[in-house]
>>> print(open('run13.txt').read())   # compact mmCIF, N, CA, C and O atoms
# COMPACT_ATOMS: atom_id res chain seq x y z
N ILE A 1269 95.20 98.82 120.80
CA ILE A 1269 94.70 99.63 119.69
C ILE A 1269 93.94 100.84 120.21
O ILE A 1269 93.97 101.90 119.59
N GLU A 1270 93.26 100.67 121.34
CA GLU A 1270 92.53 101.82 121.91
C GLU A 1270 93.49 102.93 122.32
O GLU A 1270 93.20 104.11 122.11
N THR A 1271 94.63 102.56 122.88
CA THR A 1271 95.64 103.56 123.26
C THR A 1271 96.14 104.30 122.02
O THR A 1271 96.25 105.53 122.03
N PHE A 1272 96.42 103.56 120.95
CA PHE A 1272 96.86 104.19 119.71
C PHE A 1272 95.76 105.10 119.17
O PHE A 1272 96.03 106.23 118.75
N ALA A 1273 94.51 104.63 119.15
CA ALA A 1273 93.39 105.43 118.65
C ALA A 1273 93.23 106.71 119.46
O ALA A 1273 92.97 107.78 118.90
N ASP A 1274 93.40 106.62 120.78
CA ASP A 1274 93.33 107.82 121.63
C ASP A 1274 94.42 108.81 121.26
O ASP A 1274 94.17 110.02 121.17
N LYS A 1275 95.64 108.33 121.05
CA LYS A 1275 96.76 109.20 120.69
C LYS A 1275 96.53 109.83 119.32
O LYS A 1275 96.81 111.01 119.12
N PHE A 1276 96.02 109.04 118.38
CA PHE A 1276 95.73 109.56 117.05
C PHE A 1276 94.66 110.66 117.14
O PHE A 1276 94.82 111.74 116.56
N LYS A 1277 93.59 110.38 117.85
CA LYS A 1277 92.51 111.35 118.01
C LYS A 1277 93.03 112.64 118.63
O LYS A 1277 92.71 113.73 118.16
N GLU A 1278 93.85 112.53 119.65
CA GLU A 1278 94.41 113.72 120.30
C GLU A 1278 95.30 114.50 119.35
O GLU A 1278 95.26 115.73 119.32
N ALA A 1279 96.09 113.81 118.55
CA ALA A 1279 96.96 114.50 117.58
C ALA A 1279 96.12 115.24 116.54
O ALA A 1279 96.46 116.36 116.15
N VAL A 1280 95.02 114.63 116.09
CA VAL A 1280 94.14 115.30 115.13
C VAL A 1280 93.49 116.51 115.77
O VAL A 1280 93.48 117.61 115.20
N ILE A 1281 92.95 116.35 116.97
CA ILE A 1281 92.28 117.45 117.66
C ILE A 1281 93.23 118.62 117.89
O ILE A 1281 92.86 119.78 117.71
N SER A 1282 94.46 118.32 118.27
CA SER A 1282 95.44 119.38 118.53
C SER A 1282 96.11 119.90 117.25
O SER A 1282 96.98 120.76 117.31
N LYS A 1283 95.69 119.33 116.10
CA LYS A 1283 96.20 119.73 114.78
C LYS A 1283 97.72 119.58 114.68
O LYS A 1283 98.42 120.38 114.08
N ASN A 1284 98.20 118.50 115.30
CA ASN A 1284 99.63 118.18 115.25
C ASN A 1284 99.89 117.33 114.01
O ASN A 1284 99.92 116.11 114.05
N LYS A 1285 100.08 118.01 112.89
CA LYS A 1285 100.20 117.35 111.59
C LYS A 1285 101.38 116.38 111.54
O LYS A 1285 101.28 115.30 110.95
N GLN A 1286 102.49 116.76 112.13
CA GLN A 1286 103.68 115.90 112.10
C GLN A 1286 103.42 114.58 112.83
O GLN A 1286 103.82 113.51 112.36
N THR A 1287 102.77 114.67 113.99
CA THR A 1287 102.46 113.46 114.75
C THR A 1287 101.48 112.58 113.98
O THR A 1287 101.67 111.37 113.88
N VAL A 1288 100.44 113.19 113.42
CA VAL A 1288 99.47 112.42 112.64
C VAL A 1288 100.19 111.72 111.49
O VAL A 1288 100.00 110.53 111.26
N ALA A 1289 101.04 112.45 110.78
CA ALA A 1289 101.76 111.88 109.63
C ALA A 1289 102.66 110.72 110.04
O ALA A 1289 102.84 109.77 109.27
N SER A 1290 103.19 110.77 111.25
CA SER A 1290 104.07 109.69 111.72
C SER A 1290 103.29 108.45 112.16
O SER A 1290 103.87 107.40 112.37
N MET A 1291 101.97 108.57 112.25
CA MET A 1291 101.13 107.47 112.72
C MET A 1291 100.49 106.70 111.57
O MET A 1291 99.51 105.99 111.75
N ILE A 1292 101.06 106.83 110.38
CA ILE A 1292 100.46 106.26 109.17
C ILE A 1292 101.43 105.30 108.50
O ILE A 1292 102.62 105.57 108.40
N PHE A 1293 100.87 104.17 108.02
CA PHE A 1293 101.63 103.27 107.15
C PHE A 1293 101.50 103.81 105.73
O PHE A 1293 100.38 104.05 105.25
N TYR A 1294 102.63 103.98 105.07
CA TYR A 1294 102.64 104.44 103.67
C TYR A 1294 103.04 103.29 102.77
O TYR A 1294 103.83 102.46 103.18
N PRO A 1295 102.53 103.26 101.55
CA PRO A 1295 101.56 104.19 100.98
C PRO A 1295 100.18 103.98 101.61
O PRO A 1295 99.89 102.90 102.15
N ILE A 1296 99.34 105.01 101.55
CA ILE A 1296 97.99 104.95 102.11
C ILE A 1296 97.01 105.54 101.10
O ILE A 1296 97.34 106.50 100.40
N LYS A 1297 95.84 104.94 101.03
CA LYS A 1297 94.79 105.47 100.18
C LYS A 1297 93.94 106.45 100.98
O LYS A 1297 93.49 106.12 102.08
N ALA A 1298 93.75 107.62 100.41
CA ALA A 1298 92.83 108.60 100.98
C ALA A 1298 91.64 108.68 100.04
O ALA A 1298 91.81 108.98 98.85
N THR A 1299 90.46 108.39 100.53
CA THR A 1299 89.26 108.38 99.72
C THR A 1299 88.49 109.67 99.91
O THR A 1299 88.12 110.02 101.03
N PHE A 1300 88.30 110.38 98.81
CA PHE A 1300 87.51 111.60 98.80
C PHE A 1300 86.17 111.28 98.12
O PHE A 1300 86.00 110.20 97.55
N THR A 1301 85.24 112.21 98.14
CA THR A 1301 83.94 111.99 97.54
C THR A 1301 84.06 111.62 96.07
O THR A 1301 83.37 110.73 95.58
N ASP A 1302 84.98 112.27 95.36
CA ASP A 1302 85.06 112.09 93.92
C ASP A 1302 86.32 111.40 93.42
O ASP A 1302 86.51 111.23 92.22
N LYS A 1303 87.21 110.99 94.34
CA LYS A 1303 88.46 110.36 93.89
C LYS A 1303 89.15 109.63 95.04
O LYS A 1303 88.85 109.84 96.21
N VAL A 1304 90.07 108.77 94.67
CA VAL A 1304 90.93 108.08 95.62
C VAL A 1304 92.36 108.44 95.27
O VAL A 1304 92.75 108.38 94.10
N ILE A 1305 93.13 108.84 96.26
CA ILE A 1305 94.52 109.23 96.04
C ILE A 1305 95.41 108.27 96.82
O ILE A 1305 95.16 108.00 97.99
N LEU A 1306 96.44 107.77 96.17
CA LEU A 1306 97.44 106.94 96.84
C LEU A 1306 98.58 107.86 97.26
O LEU A 1306 99.28 108.42 96.43
N ILE A 1307 98.74 108.00 98.55
CA ILE A 1307 99.76 108.88 99.11
C ILE A 1307 100.98 108.02 99.43
O ILE A 1307 100.90 107.08 100.22
N GLN A 1308 102.09 108.34 98.82
CA GLN A 1308 103.28 107.51 98.88
C GLN A 1308 104.11 107.68 100.14
O GLN A 1308 104.76 106.74 100.59
N ASN A 1309 104.11 108.90 100.72
CA ASN A 1309 105.02 109.15 101.83
C ASN A 1309 104.53 110.29 102.71
O ASN A 1309 103.52 110.94 102.41
N LYS A 1310 105.26 110.53 103.77
CA LYS A 1310 104.90 111.54 104.76
C LYS A 1310 104.82 112.93 104.13
O LYS A 1310 103.91 113.71 104.46
N GLU A 1311 105.73 113.26 103.24
CA GLU A 1311 105.74 114.58 102.62
C GLU A 1311 104.47 114.82 101.80
O GLU A 1311 103.86 115.89 101.88
N GLU A 1312 104.07 113.83 101.00
CA GLU A 1312 102.83 113.95 100.23
C GLU A 1312 101.64 114.09 101.17
O GLU A 1312 100.73 114.87 100.91
N PHE A 1313 101.64 113.31 102.24
CA PHE A 1313 100.55 113.38 103.21
C PHE A 1313 100.45 114.78 103.81
O PHE A 1313 99.35 115.35 103.89
N LEU A 1314 101.57 115.33 104.22
CA LEU A 1314 101.55 116.66 104.83
C LEU A 1314 101.06 117.72 103.85
O LEU A 1314 100.35 118.64 104.24
N ASN A 1315 101.39 117.56 102.57
CA ASN A 1315 100.91 118.51 101.56
C ASN A 1315 99.40 118.43 101.37
O ASN A 1315 98.77 119.42 101.01
N LEU A 1316 98.82 117.26 101.61
CA LEU A 1316 97.38 117.05 101.44
C LEU A 1316 96.60 117.08 102.75
O LEU A 1316 95.39 116.89 102.76
N TYR A 1317 97.30 117.31 103.85
CA TYR A 1317 96.70 117.19 105.18
C TYR A 1317 95.38 117.95 105.31
O TYR A 1317 94.37 117.41 105.74
N ASP A 1318 95.39 119.23 104.94
CA ASP A 1318 94.18 120.05 105.12
C ASP A 1318 93.04 119.61 104.21
O ASP A 1318 91.87 119.82 104.53
N ASP A 1319 93.36 119.01 103.07
CA ASP A 1319 92.32 118.46 102.20
C ASP A 1319 91.72 117.19 102.80
O ASP A 1319 90.52 116.95 102.71
N ILE A 1320 92.57 116.38 103.40
CA ILE A 1320 92.11 115.13 104.01
C ILE A 1320 91.34 115.42 105.29
O ILE A 1320 90.21 114.96 105.47
N PHE A 1321 91.95 116.19 106.16
CA PHE A 1321 91.32 116.48 107.45
C PHE A 1321 90.55 117.79 107.37
O PHE A 1321 90.84 118.77 108.04
N ASP A 1322 89.52 117.76 106.53
CA ASP A 1322 88.64 118.93 106.41
C ASP A 1322 87.78 119.02 107.67
O ASP A 1322 87.87 118.18 108.58
N ASP A 1323 86.93 120.04 107.73
CA ASP A 1323 86.12 120.26 108.93
C ASP A 1323 85.24 119.06 109.28
O ASP A 1323 85.09 118.70 110.44
N GLU A 1324 84.69 118.42 108.26
CA GLU A 1324 83.81 117.28 108.50
C GLU A 1324 84.56 116.09 109.11
O GLU A 1324 84.12 115.50 110.10
N LEU A 1325 85.69 115.72 108.51
CA LEU A 1325 86.46 114.60 109.04
C LEU A 1325 87.01 114.93 110.42
O LEU A 1325 86.98 114.10 111.33
N TYR A 1326 87.48 116.15 110.59
CA TYR A 1326 87.98 116.59 111.90
C TYR A 1326 86.88 116.40 112.96
O TYR A 1326 87.14 115.84 114.03
N ARG A 1327 85.67 116.84 112.67
CA ARG A 1327 84.56 116.73 113.62
C ARG A 1327 84.23 115.26 113.90
O ARG A 1327 84.01 114.87 115.05
N LYS A 1328 84.24 114.43 112.86
CA LYS A 1328 83.93 113.01 113.05
C LYS A 1328 84.97 112.33 113.94
O LYS A 1328 84.62 111.53 114.81
N ILE A 1329 86.23 112.65 113.72
CA ILE A 1329 87.29 112.06 114.56
C ILE A 1329 87.20 112.59 115.98
O ILE A 1329 87.31 111.83 116.94
N ALA A 1330 86.97 113.88 116.14
CA ALA A 1330 86.87 114.47 117.47
C ALA A 1330 85.73 113.86 118.28
O ALA A 1330 85.83 113.71 119.50
N ASN A 1331 84.67 113.47 117.60
CA ASN A 1331 83.50 112.89 118.28
C ASN A 1331 83.50 111.37 118.32
O ASN A 1331 82.61 110.76 118.90
N ALA A 1332 84.50 110.75 117.72
CA ALA A 1332 84.53 109.29 117.63
C ALA A 1332 84.84 108.64 118.98
O ALA A 1332 85.64 109.15 119.76
N ASP A 1333 84.21 107.52 119.22
CA ASP A 1333 84.50 106.71 120.40
C ASP A 1333 85.70 105.82 120.06
O ASP A 1333 85.69 105.11 119.05
N THR A 1334 86.72 105.88 120.87
CA THR A 1334 87.92 105.07 120.62
C THR A 1334 87.94 103.80 121.47
O THR A 1334 88.98 103.16 121.59
N HIS A 1335 86.81 103.45 122.03
CA HIS A 1335 86.68 102.22 122.80
C HIS A 1335 85.54 101.42 122.18
O HIS A 1335 84.61 101.98 121.60
N ASP A 1336 85.61 100.12 122.26
CA ASP A 1336 84.61 99.24 121.66
C ASP A 1336 84.44 99.54 120.17
O ASP A 1336 83.32 99.65 119.66
N MET A 1337 85.56 99.68 119.47
CA MET A 1337 85.53 99.97 118.03
C MET A 1337 85.23 98.71 117.24
O MET A 1337 85.50 97.60 117.68
N PHE A 1338 84.70 98.90 116.04
CA PHE A 1338 84.44 97.79 115.13
C PHE A 1338 85.77 97.24 114.63
O PHE A 1338 86.67 97.99 114.28
N ALA A 1339 85.86 95.92 114.56
CA ALA A 1339 87.09 95.29 114.05
C ALA A 1339 86.71 94.10 113.18
O ALA A 1339 85.70 93.42 113.40
N ASN A 1340 87.53 93.87 112.15
CA ASN A 1340 87.41 92.68 111.33
C ASN A 1340 88.80 92.31 110.83
O ASN A 1340 89.80 92.85 111.30
N TYR A 1341 88.87 91.42 109.85
CA TYR A 1341 90.18 90.96 109.36
C TYR A 1341 90.99 92.09 108.72
O TYR A 1341 92.21 91.99 108.62
N GLN A 1342 90.33 93.19 108.31
CA GLN A 1342 91.04 94.29 107.67
C GLN A 1342 91.68 95.23 108.68
O GLN A 1342 92.64 95.91 108.36
N GLY A 1343 91.12 95.32 109.87
CA GLY A 1343 91.64 96.22 110.88
C GLY A 1343 90.56 96.69 111.82
O GLY A 1343 89.52 96.02 111.98
N VAL A 1344 90.78 97.84 112.41
CA VAL A 1344 89.86 98.42 113.39
C VAL A 1344 89.53 99.83 112.92
O VAL A 1344 90.41 100.57 112.49
N MET A 1345 88.26 100.19 113.02
CA MET A 1345 87.88 101.52 112.54
C MET A 1345 87.29 102.37 113.64
O MET A 1345 86.75 101.86 114.63
N ILE A 1346 87.42 103.68 113.45
CA ILE A 1346 86.70 104.61 114.31
C ILE A 1346 85.59 105.25 113.49
O ILE A 1346 85.68 105.33 112.26
N GLY A 1347 84.57 105.67 114.18
CA GLY A 1347 83.43 106.28 113.50
C GLY A 1347 82.76 105.27 112.60
O GLY A 1347 82.59 104.11 112.94
N ASN A 1348 82.42 105.72 111.41
CA ASN A 1348 81.78 104.85 110.41
C ASN A 1348 82.78 104.46 109.33
O ASN A 1348 82.43 104.39 108.15
N GLY A 1349 84.01 104.27 109.73
CA GLY A 1349 85.04 103.85 108.79
C GLY A 1349 85.84 105.00 108.23
O GLY A 1349 86.54 104.84 107.24
N GLU A 1350 85.76 106.16 108.86
CA GLU A 1350 86.53 107.31 108.37
C GLU A 1350 88.03 107.05 108.47
O GLU A 1350 88.80 107.51 107.63
N VAL A 1351 88.43 106.34 109.51
CA VAL A 1351 89.84 106.00 109.71
C VAL A 1351 89.94 104.54 110.14
O VAL A 1351 89.19 104.09 111.00
N TRP A 1352 90.87 103.82 109.49
CA TRP A 1352 91.13 102.42 109.82
C TRP A 1352 92.54 102.28 110.36
O TRP A 1352 93.48 102.88 109.83
N PHE A 1353 92.67 101.48 111.41
CA PHE A 1353 93.97 101.16 112.00
C PHE A 1353 94.29 99.70 111.71
O PHE A 1353 93.40 98.87 111.65
N GLY A 1354 95.57 99.43 111.54
CA GLY A 1354 95.99 98.06 111.31
C GLY A 1354 97.36 97.80 111.91
O GLY A 1354 98.07 98.73 112.30
N ARG A 1355 97.71 96.53 111.97
CA ARG A 1355 98.99 96.12 112.56
C ARG A 1355 99.87 95.51 111.48
O ARG A 1355 99.41 94.73 110.66
N ARG A 1356 101.13 95.91 111.50
CA ARG A 1356 102.16 95.27 110.69
C ARG A 1356 103.29 94.94 111.64
O ARG A 1356 103.93 95.85 112.17
N GLY A 1357 103.48 93.66 111.85
CA GLY A 1357 104.48 93.27 112.85
C GLY A 1357 104.04 93.76 114.21
O GLY A 1357 102.90 93.56 114.62
N LYS A 1358 104.92 94.46 114.90
CA LYS A 1358 104.58 94.95 116.24
C LYS A 1358 104.03 96.38 116.22
O LYS A 1358 103.73 96.94 117.27
N TYR A 1359 103.86 96.95 115.03
CA TYR A 1359 103.42 98.34 114.92
C TYR A 1359 101.96 98.46 114.56
O TYR A 1359 101.45 97.71 113.72
N ILE A 1360 101.28 99.41 115.16
CA ILE A 1360 99.90 99.77 114.84
C ILE A 1360 99.94 101.16 114.26
O ILE A 1360 100.57 102.07 114.85
N LYS A 1361 99.30 101.34 113.12
CA LYS A 1361 99.24 102.66 112.50
C LYS A 1361 97.95 102.78 111.70
O LYS A 1361 97.19 101.82 111.58
N VAL A 1362 97.73 103.95 111.13
CA VAL A 1362 96.58 104.20 110.27
C VAL A 1362 96.85 103.53 108.92
O VAL A 1362 97.93 103.69 108.35
N ILE A 1363 95.84 102.80 108.41
CA ILE A 1363 96.00 102.13 107.12
C ILE A 1363 95.07 102.69 106.04
O ILE A 1363 95.26 102.40 104.87
N ALA A 1364 94.06 103.49 106.41
CA ALA A 1364 93.15 104.08 105.42
C ALA A 1364 92.41 105.25 106.05
O ALA A 1364 92.17 105.27 107.26
N ALA A 1365 92.06 106.22 105.21
CA ALA A 1365 91.30 107.38 105.66
C ALA A 1365 90.30 107.78 104.59
O ALA A 1365 90.60 107.72 103.40
N GLU A 1366 89.13 108.19 105.04
CA GLU A 1366 88.10 108.64 104.10
C GLU A 1366 87.78 110.08 104.41
O GLU A 1366 87.23 110.40 105.47
N ALA A 1367 88.16 110.95 103.52
CA ALA A 1367 87.97 112.40 103.72
C ALA A 1367 86.57 112.82 103.32
O ALA A 1367 85.87 112.14 102.62
>>> encode(input="run13.txt", output="structure tokens")
Amino acid sequence: IETFADKFKEAVISKNKQTVASMIFYPIKATFTDKVILIQNKEEFLNLYDDIFDDELYRKIANADTHDMFANYQGVMIGNGEVWFGRRGKYIKVIAAEA
């Protein structure tokens, strides 16, 4: 999971939207201050990318430690829960994001 988290963090830092979008299990809930949006697919995610990965979330991910992350039955998070990773079968991907 740390390797995946490192790759995700690097994709966000380099603003590689396509790579970030491919690292997500859909549908995914994106939580904003005033609403929660259920994003059904990669195309919807890419359309909302800049709203989700605003300056604040970008900074939090860029500064997040991807080692010794918090984990529970729901998954593994970076930062203070801004992004959660989970496993489905043999795949690890992003399962939730808080913008």
>>> atom_distance(input="run13.txt", atom1="atom CA of A:Tyr1341", atom2="atom CA of A:Asp1274")
21.1 Å
>>> select_by_dssp(input="run13.txt", residues="chain A", states="alpha helix (DSSP H)", output="ChimeraX atom specification")
/A:1270-1281,1285-1290,1310-1320,1323-1331
>>> axis_aligned_box(input="run13.txt", around="stretch 1300-1310 of chain A", padding_each_side="3 Å", output="AutoDock Vina command-line options")
--center_x 94.3 --center_y 110.2 --center_z 98.5 --size_x 27.9 --size_y 13.0 --size_z 18.5
>>> closest_residue(input="run13.txt", among="A:Ile1269, A:Ala1332, A:Ala1289, A:Ala1364", to="A:Phe1313", atoms="only N, CA, C and O atoms")
A:Ala1289
>>> atom_distance(input="run13.txt", atom1="atom C of A:Phe1293", atom2="atom C of A:Ile1363")
6.5 Å
>>> atom_distance(input="run13.txt", atom1="atom N of A:Val1351", atom2="atom N of A:Glu1366")
4.9 Å
>>> closest_residue(input="run13.txt", among="A:Gly1343, A:Gly1354, A:Ile1360, A:Ala1330", to="A:Lys1283", atoms="only C-alpha atoms")
A:Ala1330
>>> select_by_dssp(input="run13.txt", residues="stretch 1275-1306 of chain A", states="strand (DSSP E or B)", output="PDB file with N, CA, C and O atoms, keeping the file's coordinate frame")
ATOM      1  N   ILE A1292     101.060 106.830 110.380  1.00  0.00           N
ATOM      2  CA  ILE A1292     100.460 106.260 109.170  1.00  0.00           C
ATOM      3  C   ILE A1292     101.430 105.300 108.500  1.00  0.00           C
ATOM      4  O   ILE A1292     102.620 105.570 108.400  1.00  0.00           O
ATOM      5  N   PHE A1293     100.870 104.170 108.020  1.00  0.00           N
ATOM      6  CA  PHE A1293     101.630 103.270 107.150  1.00  0.00           C
ATOM      7  C   PHE A1293     101.500 103.810 105.730  1.00  0.00           C
ATOM      8  O   PHE A1293     100.380 104.050 105.250  1.00  0.00           O
ATOM      9  N   TYR A1294     102.630 103.980 105.070  1.00  0.00           N
ATOM     10  CA  TYR A1294     102.640 104.440 103.670  1.00  0.00           C
ATOM     11  C   TYR A1294     103.040 103.290 102.770  1.00  0.00           C
ATOM     12  O   TYR A1294     103.830 102.460 103.180  1.00  0.00           O
ATOM     13  N   PRO A1295     102.530 103.260 101.550  1.00  0.00           N
ATOM     14  CA  PRO A1295     101.560 104.190 100.980  1.00  0.00           C
ATOM     15  C   PRO A1295     100.180 103.980 101.610  1.00  0.00           C
ATOM     16  O   PRO A1295      99.890 102.900 102.150  1.00  0.00           O
ATOM     17  N   ILE A1296      99.340 105.010 101.550  1.00  0.00           N
ATOM     18  CA  ILE A1296      97.990 104.950 102.110  1.00  0.00           C
ATOM     19  C   ILE A1296      97.010 105.540 101.100  1.00  0.00           C
ATOM     20  O   ILE A1296      97.340 106.500 100.400  1.00  0.00           O
ATOM     21  N   LYS A1297      95.840 104.940 101.030  1.00  0.00           N
ATOM     22  CA  LYS A1297      94.790 105.470 100.180  1.00  0.00           C
ATOM     23  C   LYS A1297      93.940 106.450 100.980  1.00  0.00           C
ATOM     24  O   LYS A1297      93.490 106.120 102.080  1.00  0.00           O
ATOM     25  N   ALA A1298      93.750 107.620 100.410  1.00  0.00           N
ATOM     26  CA  ALA A1298      92.830 108.600 100.980  1.00  0.00           C
ATOM     27  C   ALA A1298      91.640 108.680 100.040  1.00  0.00           C
ATOM     28  O   ALA A1298      91.810 108.980  98.850  1.00  0.00           O
ATOM     29  N   THR A1299      90.460 108.390 100.530  1.00  0.00           N
ATOM     30  CA  THR A1299      89.260 108.380  99.720  1.00  0.00           C
ATOM     31  C   THR A1299      88.490 109.670  99.910  1.00  0.00           C
ATOM     32  O   THR A1299      88.120 110.020 101.030  1.00  0.00           O
ATOM     33  N   VAL A1304      90.070 108.770  94.670  1.00  0.00           N
ATOM     34  CA  VAL A1304      90.930 108.080  95.620  1.00  0.00           C
ATOM     35  C   VAL A1304      92.360 108.440  95.270  1.00  0.00           C
ATOM     36  O   VAL A1304      92.750 108.380  94.100  1.00  0.00           O
ATOM     37  N   ILE A1305      93.130 108.840  96.260  1.00  0.00           N
ATOM     38  CA  ILE A1305      94.520 109.230  96.040  1.00  0.00           C
ATOM     39  C   ILE A1305      95.410 108.270  96.820  1.00  0.00           C
ATOM     40  O   ILE A1305      95.160 108.000  97.990  1.00  0.00           O
ATOM     41  N   LEU A1306      96.440 107.770  96.170  1.00  0.00           N
ATOM     42  CA  LEU A1306      97.440 106.940  96.840  1.00  0.00           C
ATOM     43  C   LEU A1306      98.580 107.860  97.260  1.00  0.00           C
ATOM     44  O   LEU A1306      99.280 108.420  96.430  1.00  0.00           O
TER      45      LEU A1306
END
>>> residues_around(input="run13.txt", residues="A:Lys1297", least_positions_apart="5", cutoff="8 Å", atoms="all atoms listed in the file", output="list in words")
Lys1303, Val1304, Ile1305, Leu1306, Ile1307, Gln1308, Glu1350, Val1362, Ile1363, Ala1364, Ala1365, Glu1366 and Ala1367 of chain A
>>> closest_residue(input="run13.txt", among="A:Lys1310, A:Asn1315, A:Ala1273, A:Asp1323", to="A:Ser1290", atoms="all atoms listed in the file")
A:Lys1310
>>> closest_residue(input="run13.txt", among="A:Lys1275, A:Tyr1359, A:Gly1349, A:Lys1285", to="A:Tyr1317", atoms="only C-alpha atoms")
A:Lys1285
>>> closest_residue(input="run13.txt", among="A:Ser1282, A:Met1337, A:Phe1300, A:Met1291", to="A:Trp1352", atoms="only N, CA, C and O atoms")
A:Met1291
